[in-house]
Amino acid sequence: MKIEFKKLFTINLSSNFYADNNSFDDVVIEPTSACADLFRKYRLEFRNTPQGAFLFYEGREKTPPTVSPVIEIKNEVTFIFRLKIKNPVFYDYANASDWQGGKIYFFKNTSYNTTGNIAINADLTSPLLNRPEKFKFEIERKDTDSLVTITDAAGGFIENIVVLKKQNPADSGKDFIDIDLSKRPDGEYKISHIGTTNELKCYKASQFEPQTFAYLHITYKHGAWTTDLNLQVFELNFKTKALVWKYEIHQWAGKKAASVIAANTVEIKDKAAAPVIFAPEGILDFPLTIKSNAAIELKNNPKRIQLVSGTKVLIDSLPNPTTNNFQKTVGGIIALMKITI
């Protein structure tokens, strides 16, 4: 009887930062130890690719070309993967919010019993506090006993913890209680002190590593919808920052009179097929400010925009922004580039 390995499913990672998604190689997928246990149980093989990963099952050929798993996944299982950044440039272009130490992003598939490409929301928003299996939760004791409730991501009840009242009414009541999630699977949890606004949303990780910036949960089981199991491709696309580009243009004071350029003749022209319009801001004099009328996505391939004066090209390709050009404003982050002509 012929034994061979066939794809169970594929995980594809991509980003709008690259014109060719095959160029994306900035994030690596790693199975957690719990995931590796499932691989052994179901005789699966994991392989990284530059754009993600493959998971293979050990199959037995029955009626060619049908290959059935040696051990079928009859009940739902969740494969948990760590996502780690291998290229620091990802920090520069990824459209992430509230990104800071001690927090992680959490992605999961919402379906598996369909075929084809299955998009997983990979927006880098609303990160969760990362917590180990056991940790402290700050509370404020009241004049009467109260409850701290633990629920899962779906709101399912897990546990109530009784918080005893203050011993001395004059005390602030601030204290800590122990939270134990060691018997719960890794994932998202909410801890709430009932009757207060004190609430903690967190991701409990059995084995946290500092380089981890996100966890990916793939829930799966074999289904009757197909005899060919290699029909699921889970896709995660990381969006890039979109910023208003602003150029501050200075004219060199040492120019000869014949070479002096009138500020009201200077323009920026986008050479793309669908150009972004740039318009002056403020007084038409040097230093002259010209900015895009819309946010522009950061790209790996430089955007060709010209600085011109009438029919004369002053600079054929203006510099595109890097993180050194990012500047916080009241309206948000912009890219500010300073040019001297």
# chains A, B, ... in the order shown; residues from 1 in each chain; ligands from 1

call {"tool": "residues_around", "arguments": {"residues": "Glu72 of chain A", "least_positions_apart": "5", "cutoff": "10 Å", "atoms": "only C-alpha atoms", "output": "list in words"}}
result
Tyr42, Arg43, Tyr57, Glu58, Gly59, Lys221, His222 and Gly223 of chain A

call {"tool": "residues_around", "arguments": {"residues": "segment 248-250 of chain A", "least_positions_apart": "5", "cutoff": "9 Å", "atoms": "only C-alpha atoms", "output": "list in words"}}
result
Phe286, Pro287, Leu288, Thr289, Ile290, Lys291, Leu336, Met337, Lys338, Ile339, Thr340 and Ile341 of chain A

call {"tool": "closest_residue", "arguments": {"among": "A:Thr10, A:Asn48, A:Asn22, A:Asn95", "to": "Lys239 of chain A", "atoms": "only C-alpha atoms"}}
result
A:Asn95

call {"tool": "atom_distance", "arguments": {"atom1": "atom CA of Gly173 of chain A", "atom2": "atom CA of Leu129 of chain A"}}
result
24.2 Å

call {"tool": "residues_around", "arguments": {"residues": "Asn168 of chain A", "least_positions_apart": "2", "cutoff": "12 Å", "atoms": "only C-alpha atoms", "output": "PyMOL selection string"}}
result
chain A and resi 141-144+164-166+170-174

call {"tool": "residues_around", "arguments": {"residues": "Asn121 of chain A", "least_positions_apart": "4", "cutoff": "9 Å", "atoms": "only C-alpha atoms", "output": "PDB file with all heavy atoms, in the first residue's frame"}}
result
ATOM      1  N   PHE A 107      -5.065  36.514  15.376  1.00  0.00           N
ATOM      2  CA  PHE A 107      -5.785  36.228  14.137  1.00  0.00           C
ATOM      3  C   PHE A 107      -6.355  34.811  14.195  1.00  0.00           C
ATOM      4  O   PHE A 107      -5.730  33.907  14.770  1.00  0.00           O
ATOM      5  CB  PHE A 107      -4.854  36.342  12.922  1.00  0.00           C
ATOM      6  CG  PHE A 107      -4.009  37.569  12.904  1.00  0.00           C
ATOM      7  CD1 PHE A 107      -2.626  37.480  12.732  1.00  0.00           C
ATOM      8  CD2 PHE A 107      -4.573  38.836  13.061  1.00  0.00           C
ATOM      9  CE1 PHE A 107      -1.834  38.609  12.703  1.00  0.00           C
ATOM     10  CE2 PHE A 107      -3.777  39.971  13.039  1.00  0.00           C
ATOM     11  CZ  PHE A 107      -2.410  39.863  12.865  1.00  0.00           C
ATOM     12  N   LYS A 108      -7.501  34.611  13.575  1.00  0.00           N
ATOM     13  CA  LYS A 108      -8.089  33.265  13.539  1.00  0.00           C
ATOM     14  C   LYS A 108      -9.003  33.124  12.327  1.00  0.00           C
ATOM     15  O   LYS A 108      -9.566  34.109  11.838  1.00  0.00           O
ATOM     16  CB  LYS A 108      -8.868  32.981  14.825  1.00  0.00           C
ATOM     17  CG  LYS A 108     -10.003  33.950  15.114  1.00  0.00           C
ATOM     18  CD  LYS A 108     -10.652  33.654  16.457  1.00  0.00           C
ATOM     19  CE  LYS A 108     -11.739  34.685  16.774  1.00  0.00           C
ATOM     20  NZ  LYS A 108     -12.355  34.444  18.106  1.00  0.00           N
ATOM     21  N   ASN A 109      -9.124  31.894  11.849  1.00  0.00           N
ATOM     22  CA  ASN A 109     -10.046  31.649  10.749  1.00  0.00           C
ATOM     23  C   ASN A 109     -11.468  31.529  11.294  1.00  0.00           C
ATOM     24  O   ASN A 109     -11.685  31.041  12.405  1.00  0.00           O
ATOM     25  CB  ASN A 109      -9.661  30.377   9.983  1.00  0.00           C
ATOM     26  CG  ASN A 109      -9.730  29.120  10.831  1.00  0.00           C
ATOM     27  OD1 ASN A 109      -9.284  29.104  11.974  1.00  0.00           O
ATOM     28  ND2 ASN A 109     -10.286  28.050  10.275  1.00  0.00           N
ATOM     29  N   GLU A 235      -5.461  32.915   3.936  1.00  0.00           N
ATOM     30  CA  GLU A 235      -4.697  34.068   3.481  1.00  0.00           C
ATOM     31  C   GLU A 235      -4.732  35.201   4.509  1.00  0.00           C
ATOM     32  O   GLU A 235      -5.804  35.584   4.979  1.00  0.00           O
ATOM     33  CB  GLU A 235      -5.245  34.578   2.149  1.00  0.00           C
ATOM     34  CG  GLU A 235      -5.107  33.570   1.022  1.00  0.00           C
ATOM     35  CD  GLU A 235      -5.491  34.166  -0.319  1.00  0.00           C
ATOM     36  OE1 GLU A 235      -6.409  35.020  -0.338  1.00  0.00           O
ATOM     37  OE2 GLU A 235      -4.883  33.798  -1.331  1.00  0.00           O
ATOM     38  N   LEU A 236      -3.545  35.738   4.824  1.00  0.00           N
ATOM     39  CA  LEU A 236      -3.425  36.895   5.698  1.00  0.00           C
ATOM     40  C   LEU A 236      -2.691  37.982   4.942  1.00  0.00           C
ATOM     41  O   LEU A 236      -1.556  37.781   4.484  1.00  0.00           O
ATOM     42  CB  LEU A 236      -2.656  36.557   6.979  1.00  0.00           C
ATOM     43  CG  LEU A 236      -3.333  35.644   8.007  1.00  0.00           C
ATOM     44  CD1 LEU A 236      -3.116  34.185   7.633  1.00  0.00           C
ATOM     45  CD2 LEU A 236      -2.784  35.908   9.398  1.00  0.00           C
ATOM     46  N   ASN A 237      -3.340  39.132   4.780  1.00  0.00           N
ATOM     47  CA  ASN A 237      -2.718  40.259   4.095  1.00  0.00           C
ATOM     48  C   ASN A 237      -2.509  41.394   5.096  1.00  0.00           C
ATOM     49  O   ASN A 237      -3.460  41.863   5.730  1.00  0.00           O
ATOM     50  CB  ASN A 237      -3.590  40.744   2.938  1.00  0.00           C
ATOM     51  CG  ASN A 237      -2.984  41.938   2.227  1.00  0.00           C
ATOM     52  OD1 ASN A 237      -3.340  43.081   2.506  1.00  0.00           O
ATOM     53  ND2 ASN A 237      -2.060  41.689   1.318  1.00  0.00           N
ATOM     54  N   PHE A 238      -1.254  41.821   5.235  1.00  0.00           N
ATOM     55  CA  PHE A 238      -0.922  42.900   6.161  1.00  0.00           C
ATOM     56  C   PHE A 238      -0.952  44.229   5.415  1.00  0.00           C
ATOM     57  O   PHE A 238      -0.179  44.433   4.477  1.00  0.00           O
ATOM     58  CB  PHE A 238       0.452  42.672   6.787  1.00  0.00           C
ATOM     59  CG  PHE A 238       0.555  41.393   7.568  1.00  0.00           C
ATOM     60  CD1 PHE A 238       1.271  40.311   7.075  1.00  0.00           C
ATOM     61  CD2 PHE A 238      -0.095  41.262   8.788  1.00  0.00           C
ATOM     62  CE1 PHE A 238       1.354  39.132   7.788  1.00  0.00           C
ATOM     63  CE2 PHE A 238      -0.013  40.079   9.515  1.00  0.00           C
ATOM     64  CZ  PHE A 238       0.708  39.006   9.005  1.00  0.00           C
TER      65      PHE A 238
END

call {"tool": "closest_residue", "arguments": {"among": "A:Asp25, A:Glu297, A:Asp285, A:Asp316", "to": "Ile268 of chain A", "atoms": "only C-alpha atoms"}}
result
A:Asp316

call {"tool": "select_by_dssp", "arguments": {"residues": "segment 101-157 of chain A", "states": "strand (DSSP E or B)", "output": "JSON, numbers by chain"}}
result
{"A": [103, 104, 105, 106, 107, 108, 116, 117, 118, 119, 120, 124, 128, 129, 130, 131, 134, 135, 136, 137, 138, 139, 140, 146, 147, 148, 149, 150, 151, 152, 157]}

call {"tool": "closest_residue", "arguments": {"among": "A:Arg47, A:Lys183, A:Lys134, A:Lys103", "to": "Lys7 of chain A", "atoms": "only C-alpha atoms"}}
result
A:Arg47

call {"tool": "residues_around", "arguments": {"residues": "Ser23 of chain A", "least_positions_apart": "5", "cutoff": "12 Å", "atoms": "only C-alpha atoms", "output": "number ranges by chain"}}
result
A: 13-18, 49-52, 300-301

call {"tool": "select_by_dssp", "arguments": {"residues": "segment 192-283 of chain A", "states": "helix (DSSP H, G or I)", "output": "PyMOL selection string"}}
result
chain A and resi 257-259+263-265

call {"tool": "closest_residue", "arguments": {"among": "A:Val233, A:Ile296, A:Gly331, A:Ser259", "to": "Ser309 of chain A", "atoms": "only C-alpha atoms"}}
result
A:Ser259

call {"tool": "atom_distance", "arguments": {"atom1": "atom CA of Gln211 of chain A", "atom2": "atom CA of Pro88 of chain A"}}
result
11.2 Å

call {"tool": "closest_residue", "arguments": {"among": "A:Leu8, A:Ile3, A:Ile333, A:Leu298", "to": "Thr240 of chain A", "atoms": "only C-alpha atoms"}}
result
A:Leu298

call {"tool": "closest_residue", "arguments": {"among": "A:Phe54, A:Glu199, A:Glu140, A:Val28", "to": "Lys84 of chain A", "atoms": "only C-alpha atoms"}}
result
A:Val28

call {"tool": "residues_around", "arguments": {"residues": "Val276 of chain A", "least_positions_apart": "3", "cutoff": "10 Å", "atoms": "only C-alpha atoms", "output": "MDAnalysis selection string"}}
result
chainID A and resid 268:273 279 292:296 305

call {"tool": "write_last_selection", "arguments": {"atoms": "C-alpha atoms", "output": "mmCIF file, in the first residue's frame"}}
result
data_model
loop_
_atom_site.group_PDB
_atom_site.id
_atom_site.type_symbol
_atom_site.label_atom_id
_atom_site.label_comp_id
_atom_site.auth_asym_id
_atom_site.auth_seq_id
_atom_site.Cartn_x
_atom_site.Cartn_y
_atom_site.Cartn_z
ATOM 1 C CA ILE A 268 5.030 68.403 -7.965
ATOM 2 C CA LYS A 269 3.773 65.932 -10.559
ATOM 3 C CA ASP A 270 3.024 62.268 -9.939
ATOM 4 C CA LYS A 271 4.055 60.216 -12.994
ATOM 5 C CA ALA A 272 1.805 57.245 -12.165
ATOM 6 C CA ALA A 273 -1.002 56.174 -14.506
ATOM 7 C CA ALA A 279 -1.021 71.157 -4.161
ATOM 8 C CA SER A 292 -0.571 65.323 -1.490
ATOM 9 C CA ASN A 293 -4.329 65.797 -1.412
ATOM 10 C CA ALA A 294 -4.772 62.197 -0.259
ATOM 11 C CA ALA A 295 -2.912 59.649 1.826
ATOM 12 C CA ILE A 296 -0.467 57.512 -0.171
ATOM 13 C CA ILE A 305 7.190 62.087 -8.611
#

call {"tool": "residues_around", "arguments": {"residues": "Glu188 of chain A", "least_positions_apart": "2", "cutoff": "6 Å", "atoms": "only C-alpha atoms", "output": "VMD selection string"}}
result
chain A and resid 153 202 to 203

call {"tool": "atom_distance", "arguments": {"atom1": "atom CA of Asn130 of chain A", "atom2": "atom CA of Asp186 of chain A"}}
result
10.7 Å
